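Source file: work_6.cif; contents: mmCIF, C-alpha atoms and all ligand atoms.
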```cif
data_protein
#
loop_
_atom_site.group_PDB
_atom_site.id
_atom_site.type_symbol
_atom_site.label_atom_id
_atom_site.label_comp_id
_atom_site.auth_asym_id
_atom_site.auth_seq_id
_atom_site.Cartn_x
_atom_site.Cartn_y
_atom_site.Cartn_z
ATOM 1 C CA MET A 175 15.143 12.327 -36.972
ATOM 2 C CA LYS A 176 12.433 13.095 -34.414
ATOM 3 C CA VAL A 177 9.105 11.323 -33.883
ATOM 4 C CA LYS A 178 6.308 12.122 -31.474
ATOM 5 C CA VAL A 179 3.166 10.165 -30.716
ATOM 6 C CA ARG A 180 0.046 11.053 -28.737
ATOM 7 C CA VAL A 181 -1.822 8.154 -27.099
ATOM 8 C CA PRO A 182 -5.243 8.361 -25.416
ATOM 9 C CA SER A 183 -6.169 7.040 -21.991
ATOM 10 C CA SER A 184 -8.739 4.271 -21.859
ATOM 11 C CA THR A 185 -11.342 2.761 -19.603
ATOM 12 C CA ALA A 186 -11.706 -1.018 -19.784
ATOM 13 C CA ASN A 187 -14.314 -3.684 -18.976
ATOM 14 C CA LEU A 188 -17.237 -1.195 -18.666
ATOM 15 C CA GLY A 189 -18.700 -3.476 -16.008
ATOM 16 C CA PRO A 190 -19.336 -7.023 -17.271
ATOM 17 C CA GLY A 191 -17.049 -6.946 -20.354
ATOM 18 C CA PHE A 192 -13.927 -8.186 -18.570
ATOM 19 C CA ASP A 193 -11.015 -8.135 -21.049
ATOM 20 C CA ILE A 194 -13.499 -7.399 -23.881
ATOM 21 C CA PHE A 195 -14.902 -3.846 -23.758
ATOM 22 C CA GLY A 196 -12.683 -0.762 -23.802
ATOM 23 C CA ALA A 197 -13.045 2.895 -24.728
ATOM 24 C CA ALA A 198 -10.481 5.571 -25.577
ATOM 25 C CA LEU A 199 -10.835 8.858 -23.713
ATOM 26 C CA CYS A 200 -9.762 12.447 -24.368
ATOM 27 C CA LEU A 201 -6.878 12.568 -21.887
ATOM 28 C CA TYR A 202 -3.485 11.931 -23.448
ATOM 29 C CA ASN A 203 0.159 11.064 -22.837
ATOM 30 C CA THR A 204 2.738 12.055 -25.427
ATOM 31 C CA PHE A 205 6.038 10.341 -26.183
ATOM 32 C CA GLU A 206 8.933 11.644 -28.240
ATOM 33 C CA ALA A 207 12.172 10.084 -29.502
ATOM 34 C CA LYS A 208 14.943 11.950 -31.266
ATOM 35 C CA TYR A 209 17.777 10.123 -32.987
ATOM 36 C CA VAL A 210 21.138 11.782 -32.223
ATOM 37 C CA PRO A 211 23.779 9.507 -33.851
ATOM 38 C CA ASN A 212 26.947 11.058 -32.431
ATOM 39 C CA ALA A 213 25.675 12.357 -29.131
ATOM 40 C CA LYS A 214 28.147 12.539 -26.245
ATOM 41 C CA LYS A 215 25.209 12.436 -23.854
ATOM 42 C CA THR A 216 21.535 11.636 -24.391
ATOM 43 C CA THR A 217 18.507 12.525 -22.265
ATOM 44 C CA PHE A 218 15.553 10.578 -20.878
ATOM 45 C CA ILE A 219 13.006 13.005 -19.460
ATOM 46 C CA ILE A 220 9.646 12.374 -17.826
ATOM 47 C CA LYS A 221 7.299 15.298 -17.230
ATOM 48 C CA GLY A 222 4.032 15.135 -15.265
ATOM 49 C CA GLU A 223 2.763 11.928 -13.669
ATOM 50 C CA GLY A 224 5.568 9.629 -12.504
ATOM 51 C CA LYS A 225 8.346 12.141 -13.063
ATOM 52 C CA LYS A 226 9.866 11.232 -9.705
ATOM 53 C CA THR A 227 9.047 7.529 -9.659
ATOM 54 C CA LEU A 228 9.288 6.009 -13.126
ATOM 55 C CA ASP A 229 12.542 4.454 -14.336
ATOM 56 C CA LEU A 230 14.623 6.597 -16.660
ATOM 57 C CA GLY A 231 16.283 3.764 -18.532
ATOM 58 C CA LYS A 232 16.071 0.092 -19.428
ATOM 59 C CA LYS A 233 13.254 -0.736 -17.009
ATOM 60 C CA ASN A 234 10.984 1.960 -18.391
ATOM 61 C CA LEU A 235 7.927 0.419 -20.083
ATOM 62 C CA LEU A 236 8.112 2.830 -23.034
ATOM 63 C CA TRP A 237 11.717 1.850 -23.674
ATOM 64 C CA GLN A 238 11.007 -1.873 -23.176
ATOM 65 C CA SER A 239 8.202 -1.632 -25.751
ATOM 66 C CA MET A 240 10.491 0.225 -28.166
ATOM 67 C CA GLN A 241 13.174 -2.436 -27.650
ATOM 68 C CA GLU A 242 10.658 -5.240 -28.229
ATOM 69 C CA THR A 243 9.606 -3.561 -31.486
ATOM 70 C CA PHE A 244 13.230 -3.146 -32.655
ATOM 71 C CA ASN A 245 13.734 -6.865 -31.918
ATOM 72 C CA VAL A 246 10.678 -7.812 -33.996
ATOM 73 C CA LEU A 247 11.944 -5.618 -36.841
ATOM 74 C CA LYS A 248 15.547 -6.894 -36.399
ATOM 75 C CA GLU A 249 16.690 -3.271 -36.114
ATOM 76 C CA THR A 250 19.879 -2.832 -34.068
ATOM 77 C CA LYS A 251 20.762 0.781 -34.882
ATOM 78 C CA TYR A 252 18.857 2.450 -32.026
ATOM 79 C CA ASN A 253 19.687 2.351 -28.317
ATOM 80 C CA LEU A 254 19.546 4.542 -25.228
ATOM 81 C CA ASN A 255 22.930 6.062 -26.156
ATOM 82 C CA ASN A 256 21.669 7.583 -29.390
ATOM 83 C CA LEU A 257 18.058 8.480 -28.576
ATOM 84 C CA ASN A 258 16.723 11.437 -26.613
ATOM 85 C CA ILE A 259 13.423 10.378 -25.071
ATOM 86 C CA THR A 260 10.774 12.680 -23.617
ATOM 87 C CA ILE A 261 7.603 11.468 -21.946
ATOM 88 C CA ASN A 262 4.785 13.847 -21.075
ATOM 89 C CA ASN A 263 2.385 12.033 -18.735
ATOM 90 C CA ASN A 264 -1.047 13.539 -18.063
ATOM 91 C CA ILE A 265 -2.804 10.282 -17.162
ATOM 92 C CA PRO A 266 -2.762 9.334 -13.451
ATOM 93 C CA LEU A 267 -0.640 6.283 -12.681
ATOM 94 C CA SER A 268 -2.710 5.010 -9.748
ATOM 95 C CA GLY A 269 -4.655 2.663 -12.011
ATOM 96 C CA GLY A 270 -7.707 2.256 -14.195
ATOM 97 C CA LEU A 271 -7.048 4.695 -17.035
ATOM 98 C CA GLY A 272 -4.655 2.665 -19.151
ATOM 99 C CA SER A 273 -1.477 4.663 -18.487
ATOM 100 C CA SER A 274 0.705 1.539 -18.963
ATOM 101 C CA SER A 275 -1.053 0.855 -22.250
ATOM 102 C CA THR A 276 -0.160 4.327 -23.495
ATOM 103 C CA ALA A 277 3.518 3.588 -22.811
ATOM 104 C CA ILE A 278 3.285 0.228 -24.622
ATOM 105 C CA VAL A 279 1.443 1.657 -27.643
ATOM 106 C CA GLY A 280 3.624 4.793 -27.621
ATOM 107 C CA GLY A 281 6.824 2.726 -27.503
ATOM 108 C CA ILE A 282 5.766 0.451 -30.363
ATOM 109 C CA MET A 283 4.649 3.387 -32.511
ATOM 110 C CA LEU A 284 7.802 5.439 -31.874
ATOM 111 C CA ALA A 285 10.073 2.510 -32.705
ATOM 112 C CA ASN A 286 7.957 1.624 -35.733
ATOM 113 C CA ALA A 287 8.093 5.227 -37.007
ATOM 114 C CA LEU A 288 11.903 5.224 -36.619
ATOM 115 C CA CYS A 289 11.883 2.063 -38.792
ATOM 116 C CA GLU A 290 9.834 3.486 -41.681
ATOM 117 C CA ASN A 291 6.512 2.222 -40.298
ATOM 118 C CA LYS A 292 7.098 -1.366 -41.341
ATOM 119 C CA LEU A 293 4.399 -2.659 -39.004
ATOM 120 C CA ASP A 294 0.766 -2.045 -39.930
ATOM 121 C CA LYS A 295 -1.911 -1.281 -37.321
ATOM 122 C CA SER A 296 -2.897 -4.890 -36.977
ATOM 123 C CA GLN A 297 0.707 -5.945 -36.265
ATOM 124 C CA ILE A 298 1.083 -3.059 -33.816
ATOM 125 C CA ALA A 299 -2.069 -4.267 -32.059
ATOM 126 C CA SER A 300 -0.856 -7.871 -31.809
ATOM 127 C CA LEU A 301 2.505 -6.793 -30.403
ATOM 128 C CA ALA A 302 0.794 -4.469 -27.892
ATOM 129 C CA ILE A 303 -1.507 -7.297 -26.735
ATOM 130 C CA LYS A 304 1.503 -9.598 -26.375
ATOM 131 C CA ILE A 305 3.252 -7.077 -24.124
ATOM 132 C CA GLU A 306 0.146 -6.075 -22.120
ATOM 133 C CA GLY A 307 -1.503 -9.506 -21.908
ATOM 134 C CA HIS A 308 -5.066 -8.305 -22.411
ATOM 135 C CA PRO A 309 -6.525 -6.295 -25.314
ATOM 136 C CA ASP A 310 -9.109 -3.949 -23.819
ATOM 137 C CA ASN A 311 -6.834 -0.953 -23.101
ATOM 138 C CA VAL A 312 -4.301 -1.184 -25.937
ATOM 139 C CA ILE A 313 -6.914 -1.711 -28.665
ATOM 140 C CA PRO A 314 -8.929 1.466 -27.940
ATOM 141 C CA ALA A 315 -5.629 3.308 -27.361
ATOM 142 C CA ILE A 316 -4.556 2.316 -30.908
ATOM 143 C CA PHE A 317 -7.849 2.503 -32.809
ATOM 144 C CA GLY A 318 -9.791 5.040 -30.702
ATOM 145 C CA GLY A 319 -13.507 4.877 -29.924
ATOM 146 C CA LEU A 320 -15.552 2.354 -28.016
ATOM 147 C CA CYS A 321 -14.335 -1.124 -28.904
ATOM 148 C CA ILE A 322 -15.283 -4.743 -28.521
ATOM 149 C CA CYS A 323 -11.886 -6.490 -28.439
ATOM 150 C CA SER A 324 -10.845 -10.088 -28.819
ATOM 151 C CA LYS A 325 -7.738 -12.227 -29.230
ATOM 152 C CA ASP A 326 -7.473 -14.945 -31.852
ATOM 153 C CA GLU A 327 -6.493 -18.555 -31.117
ATOM 154 C CA ASN A 328 -2.808 -17.572 -31.248
ATOM 155 C CA GLU A 329 -3.234 -14.732 -28.767
ATOM 156 C CA ASN A 330 -2.842 -12.175 -31.564
ATOM 157 C CA HIS A 331 -5.315 -9.376 -31.997
ATOM 158 C CA GLY A 332 -8.663 -10.670 -33.223
ATOM 159 C CA THR A 333 -11.691 -8.891 -34.604
ATOM 160 C CA VAL A 334 -12.210 -5.353 -33.315
ATOM 161 C CA ILE A 335 -15.717 -3.889 -33.455
ATOM 162 C CA ASN A 336 -16.009 -0.113 -33.144
ATOM 163 C CA LEU A 337 -19.393 0.645 -31.570
ATOM 164 C CA PRO A 338 -21.194 3.961 -32.154
ATOM 165 C CA ILE A 339 -19.744 6.615 -29.861
ATOM 166 C CA PRO A 340 -22.309 7.383 -27.143
ATOM 167 C CA LYS A 341 -23.323 11.024 -26.805
ATOM 168 C CA LEU A 342 -22.476 10.838 -23.131
ATOM 169 C CA LYS A 343 -19.834 12.193 -20.764
ATOM 170 C CA VAL A 344 -17.490 9.873 -18.920
ATOM 171 C CA ILE A 345 -17.044 10.824 -15.253
ATOM 172 C CA LEU A 346 -13.924 9.461 -13.590
ATOM 173 C CA CYS A 347 -12.929 9.446 -9.945
ATOM 174 C CA VAL A 348 -9.293 8.518 -9.431
ATOM 175 C CA PRO A 349 -8.411 7.873 -5.782
ATOM 176 C CA SER A 350 -4.912 8.732 -4.634
ATOM 177 C CA PHE A 351 -4.004 5.150 -3.643
ATOM 178 C CA GLU A 352 -2.486 2.860 -6.242
ATOM 179 C CA LEU A 353 -3.722 -0.569 -7.327
ATOM 180 C CA ARG A 354 -1.442 -2.456 -9.690
ATOM 181 C CA THR A 355 -3.181 -4.340 -12.491
ATOM 182 C CA ARG A 356 -1.070 -7.440 -11.827
ATOM 183 C CA ARG A 357 -2.216 -7.543 -8.184
ATOM 184 C CA SER A 358 -5.793 -6.727 -9.177
ATOM 185 C CA ARG A 359 -5.788 -9.697 -11.596
ATOM 186 C CA GLN A 360 -4.098 -12.077 -9.150
ATOM 187 C CA ILE A 361 -6.963 -11.797 -6.668
ATOM 188 C CA LEU A 362 -9.530 -13.002 -9.216
ATOM 189 C CA PRO A 363 -10.685 -16.614 -8.806
ATOM 190 C CA LYS A 364 -9.411 -19.267 -11.239
ATOM 191 C CA MET A 365 -12.843 -20.949 -11.273
ATOM 192 C CA VAL A 366 -16.213 -19.195 -11.295
ATOM 193 C CA ASP A 367 -19.824 -20.251 -10.853
ATOM 194 C CA ILE A 368 -21.606 -20.875 -14.176
ATOM 195 C CA ASN A 369 -24.539 -18.813 -12.908
ATOM 196 C CA ASP A 370 -22.211 -15.821 -12.610
ATOM 197 C CA VAL A 371 -20.940 -16.455 -16.153
ATOM 198 C CA VAL A 372 -24.515 -16.513 -17.482
ATOM 199 C CA PHE A 373 -25.275 -13.332 -15.512
ATOM 200 C CA ASN A 374 -22.299 -11.583 -17.156
ATOM 201 C CA MET A 375 -23.016 -12.936 -20.648
ATOM 202 C CA SER A 376 -26.525 -11.483 -20.500
ATOM 203 C CA ARG A 377 -25.132 -8.114 -19.384
ATOM 204 C CA VAL A 378 -22.459 -8.090 -22.099
ATOM 205 C CA ALA A 379 -25.140 -8.700 -24.733
ATOM 206 C CA LEU A 380 -27.274 -5.925 -23.222
ATOM 207 C CA LEU A 381 -24.249 -3.608 -23.167
ATOM 208 C CA ALA A 382 -23.605 -4.089 -26.888
ATOM 209 C CA ALA A 383 -27.324 -3.568 -27.593
ATOM 210 C CA ALA A 384 -27.456 -0.430 -25.424
ATOM 211 C CA PHE A 385 -24.620 1.188 -27.381
ATOM 212 C CA CYS A 386 -25.763 -0.034 -30.806
ATOM 213 C CA CYS A 387 -29.329 1.213 -30.237
ATOM 214 C CA ALA A 388 -28.199 4.286 -28.244
ATOM 215 C CA ASP A 389 -30.672 3.135 -25.585
ATOM 216 C CA TYR A 390 -28.807 4.314 -22.520
ATOM 217 C CA SER A 391 -31.639 3.375 -20.165
ATOM 218 C CA LEU A 392 -30.317 -0.188 -20.524
ATOM 219 C CA LEU A 393 -26.928 0.718 -19.066
ATOM 220 C CA ARG A 394 -27.913 0.513 -15.397
ATOM 221 C CA GLN A 395 -28.519 -3.218 -15.756
ATOM 222 C CA ALA A 396 -26.034 -3.763 -18.594
ATOM 223 C CA MET A 397 -23.104 -2.512 -16.489
ATOM 224 C CA GLN A 398 -23.646 -4.998 -13.664
ATOM 225 C CA ASP A 399 -20.858 -7.508 -13.132
ATOM 226 C CA LYS A 400 -20.217 -10.641 -11.084
ATOM 227 C CA LEU A 401 -16.855 -11.734 -12.485
ATOM 228 C CA HIS A 402 -14.357 -9.155 -11.257
ATOM 229 C CA GLN A 403 -15.855 -6.151 -9.456
ATOM 230 C CA PRO A 404 -17.044 -8.079 -6.353
ATOM 231 C CA TYR A 405 -13.489 -9.397 -5.794
ATOM 232 C CA ARG A 406 -11.723 -6.134 -6.554
ATOM 233 C CA GLY A 407 -14.240 -4.201 -4.461
ATOM 234 C CA LYS A 408 -12.678 -5.780 -1.372
ATOM 235 C CA MET A 409 -9.592 -3.650 -2.048
ATOM 236 C CA ILE A 410 -11.634 -0.500 -2.794
ATOM 237 C CA PRO A 411 -13.726 -0.069 0.354
ATOM 238 C CA VAL A 412 -16.399 2.394 -0.858
ATOM 239 C CA MET A 413 -16.586 1.152 -4.446
ATOM 240 C CA ASN A 414 -20.253 0.107 -4.285
ATOM 241 C CA GLU A 415 -21.278 3.300 -2.465
ATOM 242 C CA VAL A 416 -19.564 5.509 -5.070
ATOM 243 C CA LEU A 417 -21.144 3.582 -7.968
ATOM 244 C CA GLN A 418 -24.588 3.743 -6.334
ATOM 245 C CA ALA A 419 -24.156 7.483 -5.661
ATOM 246 C CA ALA A 420 -23.438 8.032 -9.361
ATOM 247 C CA LEU A 421 -26.628 6.151 -10.313
ATOM 248 C CA ASN A 422 -28.643 8.143 -7.726
ATOM 249 C CA ALA A 423 -27.321 11.333 -9.352
ATOM 250 C CA LYS A 424 -28.798 10.223 -12.714
ATOM 251 C CA ALA A 425 -25.799 8.472 -14.256
ATOM 252 C CA PHE A 426 -27.020 5.858 -16.760
ATOM 253 C CA GLY A 427 -24.440 3.325 -15.632
ATOM 254 C CA ALA A 428 -21.418 3.111 -13.313
ATOM 255 C CA PHE A 429 -18.494 0.691 -13.094
ATOM 256 C CA LEU A 430 -14.963 -0.010 -11.937
ATOM 257 C CA SER A 431 -12.642 1.409 -14.600
ATOM 258 C CA GLY A 432 -10.304 -1.367 -15.771
ATOM 259 C CA SER A 433 -8.716 -3.050 -12.777
ATOM 260 C CA GLY A 434 -9.314 0.032 -10.602
ATOM 261 C CA PRO A 435 -9.114 1.838 -8.307
ATOM 262 C CA THR A 436 -10.592 4.474 -10.673
ATOM 263 C CA LEU A 437 -14.403 4.466 -10.728
ATOM 264 C CA ALA A 438 -16.393 5.598 -13.757
ATOM 265 C CA ALA A 439 -19.906 6.622 -14.707
ATOM 266 C CA LEU A 440 -21.650 7.541 -17.962
ATOM 267 C CA CYS A 441 -24.177 10.358 -17.948
ATOM 268 C CA ASP A 442 -25.791 13.165 -19.924
ATOM 269 C CA LYS A 443 -23.790 16.368 -20.246
ATOM 270 C CA LYS A 444 -26.342 18.265 -18.138
ATOM 271 C CA ASP A 445 -25.857 15.873 -15.206
ATOM 272 C CA ALA A 446 -22.063 15.617 -15.433
ATOM 273 C CA ASN A 447 -21.106 18.151 -12.747
ATOM 274 C CA ASN A 448 -23.584 16.742 -10.271
ATOM 275 C CA VAL A 449 -22.509 13.121 -10.870
ATOM 276 C CA GLN A 450 -18.890 14.150 -10.463
ATOM 277 C CA LYS A 451 -19.586 16.016 -7.213
ATOM 278 C CA THR A 452 -21.707 13.209 -5.777
ATOM 279 C CA MET A 453 -19.079 10.544 -6.462
ATOM 280 C CA LYS A 454 -16.341 12.745 -5.026
ATOM 281 C CA ASN A 455 -18.333 13.393 -1.839
ATOM 282 C CA VAL A 456 -18.472 9.672 -1.021
ATOM 283 C CA TRP A 457 -14.693 9.446 -1.179
ATOM 284 C CA ALA A 458 -14.340 12.688 0.781
ATOM 285 C CA ALA A 459 -16.445 11.214 3.605
ATOM 286 C CA GLU A 460 -13.816 8.454 3.808
ATOM 287 C CA SER A 461 -10.996 11.051 3.826
ATOM 288 C CA VAL A 462 -9.675 9.714 0.510
ATOM 289 C CA SER A 463 -8.526 12.431 -1.863
ATOM 290 C CA VAL A 464 -9.549 11.919 -5.480
ATOM 291 C CA LYS A 465 -8.848 13.524 -8.820
ATOM 292 C CA THR A 466 -11.934 13.792 -10.983
ATOM 293 C CA TYR A 467 -12.386 14.188 -14.717
ATOM 294 C CA ILE A 468 -15.305 14.767 -17.061
ATOM 295 C CA LEU A 469 -14.144 13.405 -20.399
ATOM 296 C CA ASP A 470 -15.370 12.757 -23.920
ATOM 297 C CA PHE A 471 -14.641 9.607 -25.885
ATOM 298 C CA ASP A 472 -11.568 9.836 -28.114
ATOM 299 C CA VAL A 473 -12.246 8.776 -31.691
ATOM 300 C CA LYS A 474 -8.799 9.022 -33.298
ATOM 301 C CA GLY A 475 -6.664 6.670 -31.203
ATOM 302 C CA ALA A 476 -2.875 6.909 -31.123
ATOM 303 C CA THR A 477 -1.566 9.517 -33.548
ATOM 304 C CA ILE A 478 1.905 10.341 -34.824
ATOM 305 C CA ILE A 479 2.121 14.114 -34.463
ATOM 306 C CA ILE A 480 5.636 14.694 -35.835
HETATM 307 N N1 LIG B 501 -9.344 -6.088 -18.420
HETATM 308 C C1 LIG B 501 -8.253 -5.641 -17.612
HETATM 309 C C2 LIG B 501 -8.508 -6.056 -16.184
HETATM 310 C C3 LIG B 501 -8.132 -4.152 -17.710
HETATM 311 O O1 LIG B 501 -9.635 -5.872 -15.735
HETATM 312 O O2 LIG B 501 -7.604 -6.575 -15.525
HETATM 313 C C4 LIG B 501 -6.992 -3.579 -16.908
HETATM 314 O O3 LIG B 501 -6.978 -2.174 -17.100
#
```
When written as structure tokens, how does the structure in this file appear?
Amino acid sequence: MKVKVRVPSSTANLGPGFDIFGAALCLYNTFEAKYVPNAKKTTFIIKGEGKKTLDLGKKNLLWQSMQETFNVLKETKYNLNNLNITINNNIPLSGGLGSSSTAIVGGIMLANALCENKLDKSQIASLAIKIEGHPDNVIPAIFGGLCICSKDENENHGTVINLPIPKLKVILCVPSFELRTRRSRQILPKMVDINDVVFNMSRVALLAAAFCCADYSLLRQAMQDKLHQPYRGKMIPVMNEVLQAALNAKAFGAFLSGSGPTLAALCDKKDANNVQKTMKNVWAAESVSVKTYILDFDVKGATIII
């Protein structure tokens, strides 16, 4: 038996919506597992991003997520001695495009497919949130689209709202240095000023309104943030300059993608190349090499393709 799943990248927070807003994007990782009951030797192959650095065994996040799913389903038949695993990574690992979330969602969906899809989407989502800790990458990766995510009182997946997909391009600048989400969360303060909370709440409301009404002129203000970007910006020296450059080049809004260091902007198709070039030039002036992408929103979410 062979199963293969394709999982989209995602951009989270979208400025003020820390741990709440997330969007799936048209750049994908694929994961495959083949059951070979009497194999003398199995394979664990990673192609693309992380092929030289990621663990090829028990410490691999895809495998850990598969194992966690088998545990939930009380399934003991599968292990690394009877599964051939192939990972095809297209999403940069340096941070901000939800590559870890693809491994978590991919692992759960592969294991679930090997077990006759006993978990429904909502159970998959709750398990993915439990493994990841926050919902705003795994939820869009599972459901696709632009999502408002929440957790319920028991830390399971709560209501998901799928907002209308903006007719905009997503410009991404991925610097070559890595920023781990765990580190990028540790530096956030435990206590924040209530004025900053009110500032963010107003922006989050504006952000939802901007997307619901397709009034993108609101995004410049709606994507402002005081709860995480100012702290994380200290580890990404030209963050504010790159975001401002995107706005100067006619982007509607610009923000730190997830926990960074990737920076993102939303703009009209006709302005996409110029926004991309302008953002890249700021990094180039700092001698930081960046990969850039002009992406559409993904609407399908994670899909079993075999
Ligand atoms: N909401 C998460 C964070 C997203 O900002 O830490 C991580 O990609």
Might I get the box with edges along x, y and z of the file that holds all atoms of region 281-288 of chain A listed there, padded by 6 Å on every side, given as centre and edge lengths in Å to one decimal, as lines of an AutoDock Vina configuration file?
```
center_x = 8.3
center_y = 2.9
center_z = -32.3
size_x = 19.3
size_y = 17.0
size_z = 21.5
```
Using all atoms listed in the file, which protein or nucleic acid residues come within 12 Å of Ala446 (chain A)? Drop anything in the same chain fewer than 3 positions from it, and give the result as a PyMOL selection string.
chain A and resi 342-346+420-421+423-426+438-443+449-453+466-470
Write out as a PyMOL selection string each polymer residue whose atoms come within 12 Å of region 471-476 of chain A, counting only C-alpha atoms; drop sequence neighbours fewer than 5 positions from it.
chain A and resi 178-185+196-205+275-284+295+298-299+311-321+336-345+440
Contacts of region 259-272 of chain A within 8 Å, all atoms listed in the file, excl. fewer than 2 positions in-chain, as a PyMOL selection string:
chain A and resi 183-186+201-208+217-224+257+274-276+311-312+348-355+430-437
In Å, how far is it from CA of Val334 (chain A) to CA of Phe195 (chain A)?
10.0 Å
Which residue out of A:Gln395, A:Lys364, A:Gly231, A:Gln403 has the minimum interatomic distance to ligand LIG 501 (chain B) when all atoms listed in the file are used?
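Going through A:Gln395, A:Lys364, A:Gly231, A:Gln403 one by one, the smallest distance to ligand LIG 501 (chain B) is for A:Gln403.
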Which protein, DNA or RNA residues are at most 6 Å from (-10.7, -7.1, -27.6) in the file's coordinates when you count only C-alpha atoms, listed as an MDAnalysis selection string?
chainID A and resid 194 309:310 322:324
For ligand LIG 501 (chain B), the nearest of the candidates A:Glu306, A:Glu290, A:Glu460, A:Glu329, counting all atoms listed in the file
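Selected residue with least distance to ligand LIG 501 (chain B): A:Glu306.
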From the options A:Asn234, A:Ser358, A:Thr250, A:Asn258, which residue's atoms come nearest to ligand LIG 501 (chain B), counting all atoms listed in the file?
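Ranking A:Asn234, A:Ser358, A:Thr250, A:Asn258 by distance to ligand LIG 501 (chain B), first place goes to A:Ser358.
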A:Val456, A:Leu401, A:Ile410, A:Ala285 ranked by distance to Leu362 (chain A), top pick (using all atoms listed in the file)
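Checking each candidate against Leu362 (chain A), we get A:Leu401 as the closest.
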Output check: residues returned by the PyMOL selection byres (((chain A and resi 373-387) around 6) and not hetatm), as a list in words:
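Selected by the PyMOL selection byres (((chain A and resi 373-387) around 6) and not hetatm) here: Pro190, Gly191, Asp370, Val371, Val372, Ala388, Asp389, Tyr390, Leu392, Ala396 and Asp399 of chain A.
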For those residues, write C-alpha atoms to a file as a tab-separated table (two decimals), in the frame of the given file.
```tsv
chain	number	residue	atom	x	y	z
A	190	PRO	CA	-19.34	-7.02	-17.27
A	191	GLY	CA	-17.05	-6.95	-20.35
A	370	ASP	CA	-22.21	-15.82	-12.61
A	371	VAL	CA	-20.94	-16.45	-16.15
A	372	VAL	CA	-24.52	-16.51	-17.48
A	388	ALA	CA	-28.20	4.29	-28.24
A	389	ASP	CA	-30.67	3.14	-25.58
A	390	TYR	CA	-28.81	4.31	-22.52
A	392	LEU	CA	-30.32	-0.19	-20.52
A	396	ALA	CA	-26.03	-3.76	-18.59
A	399	ASP	CA	-20.86	-7.51	-13.13
```
Please, which residues are within 10 Å of (0.0, -12.5, -18.0) by the file's coordinates, counting all atoms listed in the file, and could they come as number ranges by chain?
A: 304-308, 356, 359-360
The PyMOL selection byres (((chain A and resi 232) around 12) and not hetatm) applied to the shown file, residues as a PDB file with C-alpha atoms, in the coordinates of the input:
```pdb
ATOM      1  CA  PHE A 218      15.553  10.578 -20.878  1.00  0.00           C
ATOM      2  CA  LEU A 228       9.288   6.009 -13.126  1.00  0.00           C
ATOM      3  CA  ASP A 229      12.542   4.454 -14.336  1.00  0.00           C
ATOM      4  CA  LEU A 230      14.623   6.597 -16.660  1.00  0.00           C
ATOM      5  CA  GLY A 231      16.283   3.764 -18.532  1.00  0.00           C
ATOM      6  CA  LYS A 233      13.254  -0.736 -17.009  1.00  0.00           C
ATOM      7  CA  ASN A 234      10.984   1.960 -18.391  1.00  0.00           C
ATOM      8  CA  LEU A 235       7.927   0.419 -20.083  1.00  0.00           C
ATOM      9  CA  LEU A 236       8.112   2.830 -23.034  1.00  0.00           C
ATOM     10  CA  TRP A 237      11.717   1.850 -23.674  1.00  0.00           C
ATOM     11  CA  GLN A 238      11.007  -1.873 -23.176  1.00  0.00           C
ATOM     12  CA  SER A 239       8.202  -1.632 -25.751  1.00  0.00           C
ATOM     13  CA  MET A 240      10.491   0.225 -28.166  1.00  0.00           C
ATOM     14  CA  GLN A 241      13.174  -2.436 -27.650  1.00  0.00           C
ATOM     15  CA  GLU A 242      10.658  -5.240 -28.229  1.00  0.00           C
ATOM     16  CA  ASN A 253      19.687   2.351 -28.317  1.00  0.00           C
ATOM     17  CA  LEU A 254      19.546   4.542 -25.228  1.00  0.00           C
ATOM     18  CA  ASN A 255      22.930   6.062 -26.156  1.00  0.00           C
TER      19      ASN A 255
END
```
Just how far from CA of Asn187 (chain A) is CA of Lys400 (chain A), in Å to one decimal?
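CA of Asn187 (chain A) lies 12.1 Å from CA of Lys400 (chain A).
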With distances taken over all atoms listed in the file, which residue among A:Lys215, A:Lys325, A:His402, A:Lys465 lies nearest ligand LIG 501 (chain B)?
A:His402
Write out N, CA and C atoms for region 290-297 of chain A, as an mmCIF file, keeping the file's coordinate frame.
```cif
data_model
loop_
_atom_site.group_PDB
_atom_site.id
_atom_site.type_symbol
_atom_site.label_atom_id
_atom_site.label_comp_id
_atom_site.auth_asym_id
_atom_site.auth_seq_id
_atom_site.Cartn_x
_atom_site.Cartn_y
_atom_site.Cartn_z
ATOM 1 N N GLU A 290 10.633 3.277 -40.472
ATOM 2 C CA GLU A 290 9.834 3.486 -41.681
ATOM 3 C C GLU A 290 8.462 2.812 -41.639
ATOM 4 N N ASN A 291 7.881 2.759 -40.460
ATOM 5 C CA ASN A 291 6.512 2.222 -40.298
ATOM 6 C C ASN A 291 6.300 0.880 -40.985
ATOM 7 N N LYS A 292 7.222 -0.044 -40.689
ATOM 8 C CA LYS A 292 7.098 -1.366 -41.341
ATOM 9 C C LYS A 292 5.928 -2.179 -40.798
ATOM 10 N N LEU A 293 5.545 -1.916 -39.556
ATOM 11 C CA LEU A 293 4.399 -2.659 -39.004
ATOM 12 C C LEU A 293 3.104 -1.929 -39.322
ATOM 13 N N ASP A 294 2.068 -2.695 -39.745
ATOM 14 C CA ASP A 294 0.766 -2.045 -39.930
ATOM 15 C C ASP A 294 0.008 -2.053 -38.601
ATOM 16 N N LYS A 295 -1.171 -1.441 -38.587
ATOM 17 C CA LYS A 295 -1.911 -1.281 -37.321
ATOM 18 C C LYS A 295 -2.237 -2.609 -36.660
ATOM 19 N N SER A 296 -2.537 -3.589 -37.517
ATOM 20 C CA SER A 296 -2.897 -4.890 -36.977
ATOM 21 C C SER A 296 -1.685 -5.548 -36.293
ATOM 22 N N GLN A 297 -0.507 -5.391 -36.882
ATOM 23 C CA GLN A 297 0.707 -5.945 -36.265
ATOM 24 C C GLN A 297 1.065 -5.183 -34.989
#
```
